Structure formats: C-alpha cells, structure tokens
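Since the structure comes first, as structure tokens, the remarks are kept for the end.
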Amino acid sequence: MFKNILRIQVEEAFPVHVKGRPRLLGFDDAYEDILQVVRTGMQWRHLHPKRVSYITVFKTMHMWIDAGLFRNAYERLLRLYRRRRRPRYCCVDSSFVKNIYGVDCVGRNPTDRGRLATKLSAAVDDLGVPYSLLCTPANQSDMRLLEPTLAGVITAMPAGTPLYTDKGYDSAANRRICLAHGYHDRIFRRRTTNSRRTHAKRGVVERFFSWIDKYRRLILRYERYVTTYMAMTQLACGILLEARINAVC
C-alpha cells in the first residue's frame with residue numbers, strides 16, 4: 001500500500017519521456033535497494049544493484065527526498081488510516097539518535113557525556129502509529145518540544161483525546177498547550193510514584209522507538225543532513241503503518 005502510493009507520486013513527479021536515454025533503474029528496483037539499505041544499515045558502496053551503480057540509487061533517493069515524496073506518501077497513508085480508525089489516546093516522547101556524520105540538527109547529548117546527537121520526538125496513537133515526527137538537537141529539553149510536536153500532527157485527532165507523557169513534560173505551560181490543541185491532559189506529575197500501572201499506556205511510544213530500531217540505518221545517524229534521516233524514518237513508519245492497517249482495518 002505504501003509502496004503503491006509512493007509509486008504513483010514518483011510517476012507524477014518524474015514522468016518517463018519517450019525521447020532521450022531510457023532509464024535503467026525502475027521504481028521497483030530503486031525502492032527495494034533503498035529499503036535494503038534502511039533495513040540492514042549497510043554502506044552504500046556495499047549495495048550491488050542489478051543494472052546500475054549504487055551511486056544511481058543514491059541519487060534517485062535524494063531526488064525523491066528533494067521532491068518530498070516520502071513525506072507526502074506517508075501523510076496520504078496516515079489520512080487513510082485516520083478515516084478508518086479512531087485513536088483512543090495519544091502518547092508523546094523522545095529518543096536520542098547518536099550522531100556519526102551529521103552536520104545539522106545536532107547538539108550535545110546530556111545522557112552520553114556531551115557527545116553530539118539528534119533527538120527524535122514523536123506523537124503516536126494507542127497502536128504506536130506516529131502522527132507527528134520532529135528532529136531537534138539533542139540539547140533541547142522535552143518540556144519545550146511538546147508544542148512543536150503537537151503542532152506537527154499530520155491529521156488532527158478527535159477533541160478530548162487523552163495525551164500521555166512522562167514527568168519530563170510536566171509544567172503549567174504544557175498543560176495549557178494540551179488544552180489549546182484539544183487534548184485531555186494526562187501528563188504525569190513530578191511527585192507521582194512510578195509503577196507499572198502508571199506507565200502501562202505510555203509504553204506504546206517506547207515500543208514505537210524499538211520498532212523503528214529494527215531498521216538498522218536509523219539507530220545511528222550516518223546521513224549528513226537531517227532531511228535524509230527523516231525521509232528514511234518516514235519510509236520505515238510507512239511500512240509500520242501499512243502493517244497496522246492490514247491488521248486492524
């Protein structure tokens with residue numbers, strides 16, 4: 001489903017012309033090669049396409065990224081999912097991505113001896129489907145990430161949807177932000193005692209981060225620019241969302 005949506009957008013953005021040199025790299029081969037890199041985390045020079053060089057696949061992926069095709073395909077699939085299913089609650093949390101070659105959107109990670117890293121903030125529903133993804137430098141506080149994460153939600157959730165977060169988001173300003181965006185505030189207070197019951201629903205966002213870590217290219221940030229890393233993340237989320245649609249819709 002995600003692959004078909006992406007195929008339609010690629011054909012619309014890059015139509016095949018009758019005149020000129022014929023294309024040796026088709027959509028299916030390019031998609032499978034890109035997916036192989038994202039899943040295995042292999043280096044591009046270790047990729048062996050059938051008819052072209054790995055550089056051609058690399059440039060094709062960046063053509064799709066520059067046109068915003070990965071983001072648009074995921075947004076269309078998420079809107080289809082939202083029409084078919086109503087989320088019961090929402091969870092927001094963030095995770096650190098260690099930096100290797102990134103030059104933008106990096107900051108000192110306070111949990112890793114100040115090494116450079118990127119922070120990925122996500123808002124997911126009760127099945128772990130991401131409605132919003134946001135990359136920031138690692139030295140950004142979670143308390144300041146709630147508003148931009150909620151503002152980046154692709155398709156709005158029903159008014160009054162409970163929003164669960166951990167104690168790092170506890171502030172009067174964030175509670176007002178939840179109310180302004182139409183969510184029911186379920187932010188854990190700082191003096192709340194941690195237990196399995198209190199974190200039962202919030203654990204779905206932790207499982208989401210573990211699911212995308214199965215795509216080995218996303219564990220460490222090898223990409224120079226954050227737009228490339230976000231496109232690969234949207235590709236992994238699109239495959240995850242397709243599995244959720246086939247399971248519950």
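In the structure tokens, chains take the letters A, B, ... in the order shown, each chain's residues start at 1, and ligands count up from 1 in the order shown.
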
Excluding same-chain residues fewer than 3 positions from segment 142-145 of chain A, what lies within 7 Å of it counting only C-alpha atoms, as number ranges by chain?
-> A: 148-149, 168-169

Filtering to all heavy atoms, could you give me those residues as a tab-separated table (two decimals), in the first residue's frame?
```
chain	number	residue	atom	x	y	z
A	148	PRO	N	5.84	22.11	19.55
A	148	PRO	CA	6.12	21.86	18.12
A	148	PRO	C	5.76	20.44	17.69
A	148	PRO	O	5.40	20.24	16.52
A	148	PRO	CB	7.63	22.11	18.02
A	148	PRO	CG	8.15	21.98	19.40
A	148	PRO	CD	7.06	22.45	20.29
A	149	THR	N	5.81	19.47	18.59
A	149	THR	CA	5.42	18.11	18.22
A	149	THR	C	3.93	18.03	17.95
A	149	THR	O	3.49	17.42	16.96
A	149	THR	CB	5.81	17.12	19.33
A	149	THR	OG1	7.23	17.20	19.55
A	149	THR	CG2	5.45	15.70	18.93
A	168	GLY	N	8.96	14.43	32.41
A	168	GLY	CA	9.78	15.46	31.80
A	168	GLY	C	9.00	16.54	31.11
A	168	GLY	O	9.55	17.61	30.81
A	169	TYR	N	7.72	16.32	30.84
A	169	TYR	CA	6.87	17.31	30.19
A	169	TYR	C	5.98	18.06	31.17
A	169	TYR	O	5.16	18.87	30.75
A	169	TYR	CB	5.97	16.62	29.14
A	169	TYR	CG	6.72	16.01	27.99
A	169	TYR	CD1	7.24	14.72	28.09
A	169	TYR	CD2	6.91	16.70	26.80
A	169	TYR	CE1	7.92	14.14	27.03
A	169	TYR	CE2	7.58	16.13	25.73
A	169	TYR	CZ	8.10	14.84	25.86
A	169	TYR	OH	8.78	14.27	24.82
```

List the neighbours of segment 130-138 of chain A out to 6 Å using only C-alpha atoms; skip same-chain residues closer than 3 positions along the sequence, and give me the result as an MDAnalysis selection string.
-> chainID A and resid 105:109 117:124 152:154

Per DSSP on the backbone, filter segment 23-219 of chain A down to the residues in helix (DSSP H, G or I) and report them as a count of residues only.
-> 80

Please identify all polymer residues within 10 Å of Ala159 of chain A, counting only C-alpha atoms, omitting same-chain residues fewer than 3 positions from it, and present them as a list of chain:residue names.
-> A:Ala156, A:Pro162, A:Leu179, A:His181, A:Gly182, A:Tyr183, A:His184

Proximity check segment 30-55 of chain A to segment 221-237 of chain A, 9 Å, nearest pairs one decimal Å, only C-alpha atoms, as JSON lines:
```
{"residue": "A:Ile34", "atom": "CA", "partner": "A:Met232", "partner_atom": "CA", "distance": 8.8}
{"residue": "A:Leu35", "atom": "CA", "partner": "A:Leu235", "partner_atom": "CA", "distance": 8.1}
{"residue": "A:Val38", "atom": "CA", "partner": "A:Met232", "partner_atom": "CA", "distance": 6.7}
{"residue": "A:Arg39", "atom": "CA", "partner": "A:Ala236", "partner_atom": "CA", "distance": 8.5}
```

Selected residues, N, CA, C and O atoms, written as a PDB file, in the first residue's frame, please.
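Listed below is the output, result10.pdb:
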```pdb
ATOM      1  N   ILE A  34      16.788   0.861  -1.854  1.00  0.00           N
ATOM      2  CA  ILE A  34      16.752   1.835  -0.754  1.00  0.00           C
ATOM      3  C   ILE A  34      16.278   1.164   0.527  1.00  0.00           C
ATOM      4  O   ILE A  34      16.849   1.390   1.610  1.00  0.00           O
ATOM      5  N   LEU A  35      15.264   0.329   0.424  1.00  0.00           N
ATOM      6  CA  LEU A  35      14.750  -0.374   1.595  1.00  0.00           C
ATOM      7  C   LEU A  35      15.794  -1.329   2.171  1.00  0.00           C
ATOM      8  O   LEU A  35      15.880  -1.492   3.395  1.00  0.00           O
ATOM      9  N   VAL A  38      18.124   0.774   4.289  1.00  0.00           N
ATOM     10  CA  VAL A  38      17.482   1.217   5.532  1.00  0.00           C
ATOM     11  C   VAL A  38      17.333   0.050   6.502  1.00  0.00           C
ATOM     12  O   VAL A  38      17.537   0.208   7.711  1.00  0.00           O
ATOM     13  N   ARG A  39      16.992  -1.116   6.019  1.00  0.00           N
ATOM     14  CA  ARG A  39      16.777  -2.257   6.899  1.00  0.00           C
ATOM     15  C   ARG A  39      18.074  -2.816   7.471  1.00  0.00           C
ATOM     16  O   ARG A  39      18.156  -3.145   8.653  1.00  0.00           O
TER      17      ARG A  39
END
```

Distance query Leu47 of chain A at most 9 Å, only C-alpha atoms, self and fewer than 4 positions along chain excluded, as a count of residues only | 7

Could you write out, as a ChimeraX atom specification, all the residues of segment 74-210 of chain A that DSSP marks as strand (DSSP E or B)?
-> /A:90-99,107-108,116-125,130-137,161-165,183-187

Of A:Ala151, A:Thr161, A:Val129, A:Gln9, the one nearest to Arg207 of chain A when counting only C-alpha atoms is A:Val129
